[in-house]
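Enquirer: My structure file upload_37.cif, mmCIF, C-alpha atoms, is below:
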```cif
data_input
loop_
_atom_site.label_atom_id
_atom_site.label_comp_id
_atom_site.auth_asym_id
_atom_site.auth_seq_id
_atom_site.Cartn_x
_atom_site.Cartn_y
_atom_site.Cartn_z
CA MET T 98 11.11 9.45 -112.19
CA ASN T 99 13.70 10.01 -109.50
CA LYS T 100 12.39 8.36 -106.32
CA ASN T 101 14.13 10.90 -104.04
CA LEU T 102 12.26 13.67 -105.87
CA VAL T 103 8.91 11.86 -105.70
CA PHE T 104 9.34 11.33 -101.96
CA ALA T 105 10.29 15.01 -101.49
CA LEU T 106 7.16 16.08 -103.43
CA GLN T 107 5.00 14.01 -101.06
CA GLN T 108 6.64 15.58 -97.99
CA VAL T 109 6.03 19.21 -99.00
CA VAL T 110 2.26 18.85 -99.57
CA PRO T 111 1.23 19.93 -96.02
CA VAL T 112 2.76 23.40 -96.38
CA ILE T 113 1.84 24.15 -100.01
CA PHE T 114 -1.39 25.90 -98.98
CA PRO T 115 0.09 28.20 -96.34
CA TYR T 116 2.90 29.06 -98.76
CA LEU T 117 0.45 29.92 -101.54
CA PHE T 118 -1.75 31.94 -99.22
CA ILE T 119 0.99 33.96 -97.50
CA GLY T 120 2.98 34.45 -100.72
CA ILE T 121 -0.11 35.66 -102.60
CA ALA T 122 -1.01 37.97 -99.69
CA PHE T 123 2.48 39.48 -99.90
CA GLY T 124 2.25 39.93 -103.69
CA VAL T 125 -1.14 41.63 -103.40
CA LEU T 126 0.18 44.03 -100.72
CA MET T 127 3.21 44.92 -102.87
CA ASP T 128 0.98 45.45 -105.89
CA GLU T 129 -1.42 47.66 -103.92
CA ALA T 130 1.52 49.67 -102.58
CA GLY T 131 2.58 50.38 -106.17
CA TYR T 132 5.57 48.05 -106.51
CA SER T 133 5.86 46.23 -109.83
CA VAL T 134 6.01 42.44 -109.97
CA GLY T 135 9.83 42.45 -110.22
CA TRP T 136 10.08 43.62 -106.60
CA SER T 137 7.85 40.77 -105.40
CA PHE T 138 9.98 38.36 -107.42
CA ILE T 139 13.34 39.44 -105.97
CA SER T 140 11.83 39.52 -102.46
CA GLY T 141 10.58 35.96 -102.88
CA VAL T 142 13.90 34.73 -104.25
CA PHE T 143 16.29 36.46 -101.85
CA ILE T 144 14.39 37.26 -98.64
CA TYR T 145 12.22 34.11 -98.50
CA ALA T 146 10.69 34.84 -95.10
CA GLY T 147 6.89 35.11 -95.10
CA SER T 148 6.00 37.22 -92.10
CA MET T 149 9.05 39.45 -92.60
CA GLN T 150 8.17 40.16 -96.23
CA ILE T 151 4.70 41.26 -95.15
CA VAL T 152 6.15 43.47 -92.41
CA MET T 153 8.57 44.89 -94.99
CA VAL T 154 5.74 46.23 -97.16
CA SER T 155 4.57 48.49 -94.33
CA LEU T 156 8.16 49.54 -93.56
CA LEU T 157 8.72 50.43 -97.22
CA THR T 158 5.52 52.43 -97.58
CA ALA T 159 6.31 54.24 -94.29
CA GLY T 160 9.80 55.04 -95.62
CA ALA T 161 11.44 53.55 -92.49
CA SER T 162 15.19 54.10 -92.09
CA LEU T 163 17.55 51.25 -93.01
CA GLY T 164 18.57 50.98 -89.35
CA THR T 165 14.94 50.51 -88.29
CA ILE T 166 14.46 47.93 -91.05
CA ALA T 167 17.55 46.02 -89.85
CA MET T 168 16.31 45.98 -86.24
CA MET T 169 12.78 44.92 -87.22
CA THR T 170 14.12 42.15 -89.44
CA PHE T 171 16.31 40.88 -86.63
CA PHE T 172 13.46 40.73 -84.14
CA VAL T 173 10.94 39.22 -86.55
CA ASN T 174 13.41 36.53 -87.69
CA ALA T 175 15.56 35.95 -84.59
CA ARG T 176 13.80 32.63 -83.88
CA HIS T 177 15.65 31.23 -86.91
CA ILE T 178 18.90 31.39 -84.92
CA PHE T 179 17.73 28.27 -83.09
CA TYR T 180 16.74 26.25 -86.17
CA GLY T 181 20.14 25.39 -87.62
CA ILE T 182 21.43 23.59 -84.53
CA ALA T 183 19.72 20.33 -85.49
CA PHE T 184 21.08 20.37 -89.06
CA ILE T 185 24.74 21.38 -88.75
CA ASP T 186 26.10 17.89 -89.40
CA THR T 187 23.69 17.11 -92.25
CA PHE T 188 24.00 20.40 -94.14
CA ARG T 189 27.76 20.84 -93.95
CA LYS T 190 28.30 17.56 -95.78
CA MET T 191 26.25 18.78 -98.75
CA GLY T 192 29.03 20.52 -100.70
CA TRP T 193 27.87 23.43 -102.90
CA LYS T 194 24.33 23.03 -101.57
CA TYR T 195 25.46 23.78 -97.99
CA PRO T 196 25.05 27.61 -98.08
CA TYR T 197 21.76 27.26 -99.97
CA MET T 198 20.33 24.89 -97.33
CA VAL T 199 21.38 27.32 -94.57
CA VAL T 200 19.78 30.45 -96.02
CA THR T 201 16.49 28.76 -97.00
CA LEU T 202 15.71 27.28 -93.57
CA THR T 203 12.22 28.78 -93.03
CA ASP T 204 9.70 27.77 -90.34
CA GLU T 205 8.00 25.42 -92.78
CA VAL T 206 11.18 23.85 -94.18
CA TYR T 207 12.43 23.36 -90.63
CA SER T 208 9.22 21.64 -89.53
CA ILE T 209 9.20 19.34 -92.55
CA LEU T 210 12.87 18.37 -92.15
CA CYS T 211 12.12 17.64 -88.46
CA ALA T 212 9.16 15.46 -89.43
CA VAL T 213 10.54 13.33 -92.30
CA ASN T 214 10.91 9.59 -91.81
CA TYR T 215 13.39 8.63 -94.52
CA PRO T 216 12.85 5.20 -96.10
CA ASN T 217 16.08 3.18 -96.17
CA ASP T 218 16.48 3.19 -99.94
CA LEU T 219 16.54 6.99 -100.25
CA GLU T 220 19.41 9.46 -99.92
CA ILE T 221 18.76 11.87 -97.04
CA LYS T 222 20.86 14.68 -98.50
CA LYS T 223 19.08 14.56 -101.87
CA VAL T 224 15.63 14.42 -100.27
CA ASP T 225 16.45 17.40 -98.02
CA PHE T 226 17.71 19.40 -101.00
CA TYR T 227 14.66 18.63 -103.13
CA ILE T 228 12.28 19.54 -100.28
CA THR T 229 14.08 22.85 -99.82
CA LEU T 230 14.25 23.66 -103.53
CA ILE T 231 10.61 22.75 -104.28
CA LEU T 232 9.34 24.91 -101.41
CA HIS T 233 11.52 27.85 -102.46
CA LEU T 234 10.09 27.63 -106.00
CA VAL T 235 6.53 27.39 -104.65
CA TRP T 236 7.21 30.49 -102.54
CA ILE T 237 8.60 32.49 -105.49
CA PHE T 238 5.61 31.41 -107.59
CA SER T 239 3.19 32.52 -104.86
CA CYS T 240 4.77 35.98 -104.45
CA VAL T 241 4.74 36.57 -108.21
CA ALA T 242 1.22 35.16 -108.67
CA GLY T 243 -0.06 37.42 -105.88
CA ALA T 244 1.46 40.49 -107.51
CA LEU T 245 0.09 39.59 -110.97
CA PHE T 246 -3.29 37.99 -110.30
CA GLY T 247 -3.94 38.22 -106.56
CA GLN T 248 -6.71 40.74 -106.89
CA LEU T 249 -8.53 38.55 -109.40
CA ILE T 250 -9.03 35.60 -107.01
CA PRO T 251 -12.83 35.26 -106.88
CA PHE T 252 -13.15 33.39 -103.56
CA ASP T 253 -12.38 34.41 -100.05
CA LEU T 254 -9.43 32.33 -98.83
CA ALA T 255 -9.27 33.84 -95.35
CA GLY T 256 -8.41 31.19 -92.79
CA ILE T 257 -6.46 28.90 -95.11
CA GLU T 258 -3.25 30.09 -93.43
CA PHE T 259 -4.38 27.98 -90.45
CA SER T 260 -3.10 24.94 -92.36
CA ALA T 261 0.47 25.88 -91.32
CA THR T 262 -0.54 25.87 -87.65
CA ALA T 263 -2.37 22.57 -88.16
CA PHE T 264 0.74 21.03 -89.73
CA PHE T 265 2.96 22.24 -86.87
CA VAL T 266 0.52 20.65 -84.39
CA THR T 267 0.81 17.27 -86.17
CA VAL T 268 4.63 17.56 -86.12
CA CYS T 269 4.49 18.17 -82.34
CA MET T 270 2.29 15.09 -81.87
CA ASN T 271 4.57 12.87 -83.95
CA GLN T 272 7.61 14.07 -82.04
CA TRP T 273 5.79 13.39 -78.78
CA GLN T 274 5.16 9.79 -79.81
CA GLN T 275 8.63 9.20 -81.22
CA MET T 276 10.70 10.72 -78.44
CA ASP T 277 11.40 8.68 -75.34
CA SER T 278 11.72 11.79 -73.22
CA HIS T 279 8.83 14.26 -73.13
CA LEU T 280 10.81 16.82 -71.14
CA PRO T 281 11.92 18.82 -74.25
CA ALA T 282 8.33 19.32 -75.44
CA ILE T 283 7.08 20.16 -71.94
CA THR T 284 9.97 22.61 -71.48
CA GLY T 285 9.02 24.40 -74.72
CA LEU T 286 5.33 24.51 -73.81
CA ILE T 287 5.86 25.86 -70.29
CA SER T 288 8.42 28.49 -71.27
CA ALA T 289 6.26 29.65 -74.22
CA LEU T 290 3.15 29.99 -72.04
CA VAL T 291 4.96 31.66 -69.13
CA PHE T 292 6.64 34.27 -71.34
CA TYR T 293 3.48 34.73 -73.41
CA PHE T 294 1.52 35.74 -70.31
CA ILE T 295 4.34 37.90 -68.92
CA LEU T 296 5.54 39.64 -72.08
CA GLY T 297 2.59 39.37 -74.47
CA PRO T 298 2.29 38.13 -78.06
CA ASN T 299 5.03 40.22 -79.65
CA GLN T 300 7.92 39.65 -77.28
CA PHE T 301 7.63 36.14 -75.89
CA ILE T 302 9.31 33.98 -78.53
CA LEU T 303 12.99 34.89 -78.01
CA PRO T 304 12.96 34.54 -74.19
CA ALA T 305 10.95 31.31 -74.57
CA LEU T 306 13.50 29.84 -77.01
CA SER T 307 16.51 31.01 -74.99
CA VAL T 308 15.18 29.69 -71.68
CA SER T 309 14.28 26.37 -73.35
CA VAL T 310 17.87 25.97 -74.57
CA LEU T 311 19.20 26.80 -71.11
CA ALA T 312 16.74 24.46 -69.35
CA LEU T 313 17.49 21.61 -71.77
CA VAL T 314 21.24 22.05 -71.23
CA LEU T 315 20.69 21.96 -67.45
CA MET T 316 18.55 18.81 -67.76
CA LYS T 317 21.04 17.16 -70.10
CA THR T 318 22.11 14.34 -67.79
CA LYS T 319 18.54 13.43 -66.93
CA ILE T 320 17.21 13.54 -70.52
CA HIS T 321 20.30 11.81 -71.88
CA GLN T 322 19.73 8.92 -69.46
CA THR T 323 16.15 8.50 -70.64
CA LEU T 324 17.21 8.57 -74.30
CA THR T 325 20.13 6.17 -73.96
CA MET T 326 18.13 3.79 -71.76
CA ALA T 327 15.52 3.63 -74.48
CA ILE T 328 18.20 2.90 -77.09
CA ASP T 329 19.74 0.15 -74.92
CA GLN T 330 16.42 -1.65 -74.46
CA MET A 75 3.01 56.13 -107.52
CA ASN A 76 6.72 56.70 -107.97
CA ILE A 77 8.97 54.11 -106.42
CA ASP A 78 12.30 55.26 -105.01
CA TRP A 79 14.09 52.23 -106.39
CA LYS A 80 17.43 52.97 -104.70
CA TYR A 81 15.79 53.08 -101.28
CA THR A 82 13.67 50.01 -102.02
CA LEU A 83 16.67 48.03 -103.22
CA ALA A 84 18.74 49.09 -100.20
CA ALA A 85 15.87 48.10 -97.87
CA ILE A 86 15.53 44.67 -99.49
CA VAL A 87 19.32 44.11 -99.27
CA VAL A 88 19.19 44.95 -95.54
CA VAL A 89 16.28 42.52 -94.96
CA VAL A 90 18.12 39.79 -96.91
CA LEU A 91 21.40 40.27 -95.02
CA VAL A 92 19.79 40.25 -91.55
CA THR A 93 17.59 37.24 -92.42
CA VAL A 94 20.59 35.30 -93.74
CA PHE A 95 22.52 36.25 -90.61
CA THR A 96 19.85 34.80 -88.28
CA ARG A 97 19.67 31.57 -90.27
CA ALA A 98 23.46 31.21 -90.60
CA LEU A 99 24.43 31.98 -87.00
CA PRO A 100 24.55 28.39 -85.63
CA PHE A 101 26.50 27.30 -88.73
CA ILE A 102 28.95 30.21 -88.34
CA PHE A 103 29.53 29.17 -84.71
CA PHE A 104 29.77 25.40 -85.09
CA GLY A 105 29.95 24.62 -88.82
CA ARG A 106 33.73 24.53 -89.02
CA LYS A 107 34.39 22.33 -86.00
CA LYS A 108 35.59 18.84 -86.92
CA ALA A 109 33.49 17.21 -84.25
CA LEU A 110 30.51 19.06 -82.83
CA PRO A 111 30.57 19.72 -79.08
CA GLU A 112 28.54 17.03 -77.33
CA THR A 113 26.07 19.60 -76.00
CA VAL A 114 25.32 20.87 -79.53
CA THR A 115 24.66 17.33 -80.79
CA TYR A 116 22.40 16.79 -77.79
CA LEU A 117 20.54 20.08 -78.42
CA GLY A 118 20.11 19.06 -82.05
CA MET A 119 18.25 15.98 -80.81
CA VAL A 120 16.04 17.56 -78.15
CA LEU A 121 15.55 21.18 -79.25
CA PRO A 122 13.18 20.53 -82.21
CA ALA A 123 10.50 19.15 -79.86
CA ALA A 124 10.65 22.34 -77.78
CA ILE A 125 10.85 24.65 -80.82
CA MET A 126 7.85 23.12 -82.60
CA ILE A 127 5.57 23.66 -79.59
CA ILE A 128 6.82 27.24 -79.22
CA LEU A 129 6.13 27.70 -82.96
CA VAL A 130 2.52 26.53 -82.49
CA ILE A 131 2.04 29.08 -79.68
CA PHE A 132 3.69 31.67 -81.96
CA CYS A 133 1.15 30.92 -84.71
CA LEU A 134 -1.69 31.34 -82.21
CA ARG A 135 -0.19 34.43 -80.52
CA ASN A 136 -2.68 36.97 -81.86
CA ILE A 137 -5.76 35.25 -80.47
CA GLY A 138 -7.76 37.63 -78.30
CA PHE A 139 -8.38 35.60 -75.14
CA THR A 140 -9.85 38.53 -73.29
CA ALA A 141 -12.67 39.39 -75.69
CA PHE A 142 -15.32 37.45 -77.57
CA PRO A 143 -14.90 34.92 -79.22
CA TYR A 144 -12.00 34.18 -76.82
CA GLY A 145 -9.99 32.36 -79.49
CA LEU A 146 -12.64 29.65 -79.73
CA PRO A 147 -12.32 29.12 -83.53
CA GLU A 148 -8.55 28.57 -83.19
CA LEU A 149 -8.83 26.38 -80.10
CA LEU A 150 -11.62 24.23 -81.58
CA ALA A 151 -9.67 23.84 -84.83
CA VAL A 152 -6.48 22.84 -82.98
CA GLY A 153 -8.62 20.41 -80.96
CA ILE A 154 -9.92 18.75 -84.14
CA VAL A 155 -6.37 18.48 -85.51
CA VAL A 156 -5.23 16.76 -82.30
CA ILE A 157 -8.20 14.37 -82.28
CA VAL A 158 -7.99 13.42 -85.96
CA GLN A 159 -4.20 13.03 -85.81
CA PHE A 160 -4.46 10.92 -82.63
CA PHE A 161 -7.02 8.49 -84.06
CA LYS A 162 -6.20 8.50 -87.78
CA LYS A 163 -2.45 9.32 -87.76
CA ASN A 164 -2.88 10.96 -91.15
CA VAL A 165 -1.26 14.40 -91.45
CA PHE A 166 -3.23 15.47 -94.56
CA LEU A 167 -6.56 14.48 -93.05
CA SER A 168 -5.73 16.33 -89.82
CA ILE A 169 -4.75 19.50 -91.68
CA ILE A 170 -7.84 19.41 -93.92
CA ALA A 171 -10.18 18.79 -90.96
CA GLY A 172 -8.63 21.55 -88.83
CA THR A 173 -8.33 24.14 -91.59
CA GLY A 174 -11.80 23.36 -92.96
CA LEU A 175 -13.38 23.74 -89.53
CA TYR A 176 -11.44 26.98 -88.93
CA MET A 177 -12.52 28.48 -92.27
CA ILE A 178 -16.16 27.61 -91.52
CA LEU A 179 -16.05 28.91 -87.92
CA ILE A 180 -14.60 32.32 -88.78
CA ARG A 181 -17.44 32.78 -91.30
CA MET A 182 -20.22 31.95 -88.83
CA PRO A 183 -22.13 35.05 -87.69
CA PHE A 184 -21.89 33.76 -84.09
CA PHE A 185 -18.07 33.89 -84.09
CA MET A 186 -17.90 37.10 -86.06
CA GLY A 187 -19.56 38.76 -83.09
CA ALA A 188 -22.29 40.12 -85.30
#
```
Output the file's structure as structure tokens, nothing else.

Expert:
Amino acid sequence: MNKNLVFALQQVVPVIFPYLFIGIAFGVLMDEAGYSVGWSFISGVFIYAGSMQIVMVSLLTAGASLGTIAMMTFFVNARHIFYGIAFIDTFRKMGWKYPYMVVTLTDEVYSILCAVNYPNDLEIKKVDFYITLILHLVWIFSCVAGALFGQLIPFDLAGIEFSATAFFVTVCMNQWQQMDSHLPAITGLISALVFYFILGPNQFILPALSVSVLALVLMKTKIHQTLTMAIDQ
Amino acid sequence: MNIDWKYTLAAIVVVVLVTVFTRALPFIFFGRKKALPETVTYLGMVLPAAIMIILVIFCLRNIGFTAFPYGLPELLAVGIVVIVQFFKKNVFLSIIAGTGLYMILIRMPFFMGA
């Protein structure tokens, strides 16, 4: 079997459970709201954004205007604006896969691509594509399975969505150990906490991300020195 | 229940377009440049560390710190993830330990406030 594919399959394991749980939750909500499985399927294929899909169900059942839906989508997903910056050079060299990689960059895909340590004998572009494709398929499966069978699940899975948070925590810790400057992580932590306590849970993420970008640009010389010194040694 | 399929389809198209827009924005800005501006390359290196921590806080944003159980199940579970990851350096083990503990804690009568 293709070794790039095998490696990609190993990398996606940490987020399989959150994907299944959130996708199934979405499918169940759609089913309960009276939408047939086809709607869950096209949402999973084309929207592919977990929290937004769940918000969308309540917007649909409330009959919200298209303008309201556009605004809500923007605010729920605006954090994604900051994700692509790290992958511009990698993705744009991927030919026909380039647009696909761009539009499927979810929280989970982003965190995995940030976390991968590529062995020397593998092709980065192929691994990235397989990771992205496998997770997209898992997501579509989860949305459809939720719509078809979600209400039949005999056990209470509440809490399994914490596995996404747990994975993100491990990514943070690995980055902390691998990076020679801890200023980027500390900047993110401080700005997130400050804006969380000022603006509350629903409004803090955009200011926190924007201020982090600004602060990191301002600290560029200092951080750059630390990074290049570490490379020189 | 009758589904207004035109409205539903239009709503989904709007969600798709706006979501794609947020994900594509950095590529629209910088994707066509021959050489990326130095600052963008630099941000690509340092920003993920900041974003991942913000994403963790984002996941934990709905914890009620002001009322019982003061987010204790989440904080204890994150604590276990940190400890297991620090000593064992095994991502799967850390996730299983943290998620398992969290699923047990939220089912304990003590934390349910009963």

Enquirer: So that I can check the surroundings of region 180-187 of chain T, please list as a compact mmCIF listing (two decimals) with C-alpha atoms, in the coordinates of the input every protein, DNA and RNA residue that reaches within 6 Å of it, counting all atoms listed in the file and ignoring chain neighbours fewer than 2 positions away.

Expert:
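What ended up in part.txt:
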```txt
# COMPACT_ATOMS: atom_id res chain seq x y z
CA HIS T 177 15.65 31.23 -86.91
CA ILE T 178 18.90 31.39 -84.92
CA ARG T 189 27.76 20.84 -93.95
CA LYS T 190 28.30 17.56 -95.78
CA PRO A 100 24.55 28.39 -85.63
CA GLY A 118 20.11 19.06 -82.05
```

Enquirer: Can you pull out the residues contacting region 205-211 of chain T? Cut-off 8 Å, using all atoms listed in the file, and skip same-chain residues under 5 positions away; I want them as a list in words.

Expert: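 Using all atoms listed in the file, the neighbours found are Gln108, Val109, Val112, Tyr180, Asp225, Ile228, Thr229, Leu232, Ala261, Phe265 and Val268 of chain T; Pro122 and Met126 of chain A.
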
Enquirer: Tell me which protein, DNA and RNA residues are within 12 Å of Thr96 (chain A), counting all atoms listed in the file, leaving out same-chain ones fewer than 4 positions away, and put them as a compact mmCIF listing (two decimals) with C-alpha atoms, in the coordinates of the input.

Expert:
```txt
# COMPACT_ATOMS: atom_id res chain seq x y z
CA ILE T 144 14.39 37.26 -98.64
CA ALA T 146 10.69 34.84 -95.10
CA ALA T 167 17.55 46.02 -89.85
CA MET T 168 16.31 45.98 -86.24
CA THR T 170 14.12 42.15 -89.44
CA PHE T 171 16.31 40.88 -86.63
CA PHE T 172 13.46 40.73 -84.14
CA VAL T 173 10.94 39.22 -86.55
CA ASN T 174 13.41 36.53 -87.69
CA ALA T 175 15.56 35.95 -84.59
CA ARG T 176 13.80 32.63 -83.88
CA HIS T 177 15.65 31.23 -86.91
CA ILE T 178 18.90 31.39 -84.92
CA PHE T 179 17.73 28.27 -83.09
CA TYR T 180 16.74 26.25 -86.17
CA GLY T 181 20.14 25.39 -87.62
CA ILE T 182 21.43 23.59 -84.53
CA VAL T 199 21.38 27.32 -94.57
CA VAL T 200 19.78 30.45 -96.02
CA THR T 201 16.49 28.76 -97.00
CA LEU T 202 15.71 27.28 -93.57
CA THR T 203 12.22 28.78 -93.03
CA VAL A 89 16.28 42.52 -94.96
CA VAL A 90 18.12 39.79 -96.91
CA LEU A 91 21.40 40.27 -95.02
CA VAL A 92 19.79 40.25 -91.55
CA PRO A 100 24.55 28.39 -85.63
CA PHE A 101 26.50 27.30 -88.73
CA ILE A 102 28.95 30.21 -88.34
CA PHE A 103 29.53 29.17 -84.71
```

Enquirer: So how far away is CA of Val235 (chain T) from CA of Val125 (chain T), in Å?

Expert: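 Interatomic distance, CA of Val125 (chain T) to CA of Val235 (chain T): 16.2 Å.
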
Enquirer: Could the centre and edge lengths of an axis-aligned box, enclosing all atoms of region 139-143 of chain T in the file with 4 Å extra on each side, be given in Å to one decimal as lines of an AutoDock Vina configuration file?

Expert:
```
center_x = 13.4
center_y = 37.1
center_z = -103.9
size_x = 13.7
size_y = 12.8
size_z = 12.1
```

Enquirer: As a CSV table (one decimal), keeping the file's coordinate frame, please: region 285-303 of chain T completed to N, CA and C atoms.

Expert:
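To be explicit, this is the file written out as rebuild_4.csv:
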```csv
chain,number,residue,atom,x,y,z
T,285,GLY,N,9.4,23.4,-73.7
T,285,GLY,CA,9.0,24.4,-74.7
T,285,GLY,C,7.7,25.0,-74.4
T,286,LEU,N,6.7,24.1,-74.1
T,286,LEU,CA,5.3,24.5,-73.8
T,286,LEU,C,5.3,25.5,-72.6
T,287,ILE,N,5.9,25.0,-71.5
T,287,ILE,CA,5.9,25.9,-70.3
T,287,ILE,C,6.5,27.2,-70.5
T,288,SER,N,7.7,27.2,-71.1
T,288,SER,CA,8.4,28.5,-71.3
T,288,SER,C,7.6,29.4,-72.2
T,289,ALA,N,7.1,28.8,-73.3
T,289,ALA,CA,6.3,29.6,-74.2
T,289,ALA,C,5.1,30.3,-73.5
T,290,LEU,N,4.3,29.5,-72.7
T,290,LEU,CA,3.2,30.0,-72.0
T,290,LEU,C,3.5,31.0,-71.0
T,291,VAL,N,4.6,30.7,-70.2
T,291,VAL,CA,5.0,31.7,-69.1
T,291,VAL,C,5.3,33.0,-69.7
T,292,PHE,N,6.2,33.0,-70.8
T,292,PHE,CA,6.6,34.3,-71.3
T,292,PHE,C,5.5,34.9,-72.1
T,293,TYR,N,4.6,34.1,-72.7
T,293,TYR,CA,3.5,34.7,-73.4
T,293,TYR,C,2.6,35.6,-72.4
T,294,PHE,N,2.4,35.0,-71.2
T,294,PHE,CA,1.5,35.7,-70.3
T,294,PHE,C,2.3,36.9,-69.6
T,295,ILE,N,3.6,36.8,-69.5
T,295,ILE,CA,4.3,37.9,-68.9
T,295,ILE,C,4.6,39.0,-69.9
T,296,LEU,N,5.1,38.6,-71.1
T,296,LEU,CA,5.5,39.6,-72.1
T,296,LEU,C,4.6,39.9,-73.2
T,297,GLY,N,3.6,39.1,-73.4
T,297,GLY,CA,2.6,39.4,-74.5
T,297,GLY,C,3.0,38.8,-75.8
T,298,PRO,N,2.1,38.8,-76.8
T,298,PRO,CA,2.3,38.1,-78.1
T,298,PRO,C,3.5,38.5,-78.9
T,299,ASN,N,4.0,39.8,-78.7
T,299,ASN,CA,5.0,40.2,-79.6
T,299,ASN,C,6.4,40.0,-79.1
T,300,GLN,N,6.6,39.7,-77.8
T,300,GLN,CA,7.9,39.6,-77.3
T,300,GLN,C,8.3,38.3,-76.7
T,301,PHE,N,7.4,37.3,-76.7
T,301,PHE,CA,7.6,36.1,-75.9
T,301,PHE,C,8.6,35.1,-76.5
T,302,ILE,N,8.7,35.1,-77.9
T,302,ILE,CA,9.3,34.0,-78.5
T,302,ILE,C,10.8,33.9,-78.3
T,303,LEU,N,11.5,35.0,-78.3
T,303,LEU,CA,13.0,34.9,-78.0
T,303,LEU,C,13.3,34.4,-76.6
```
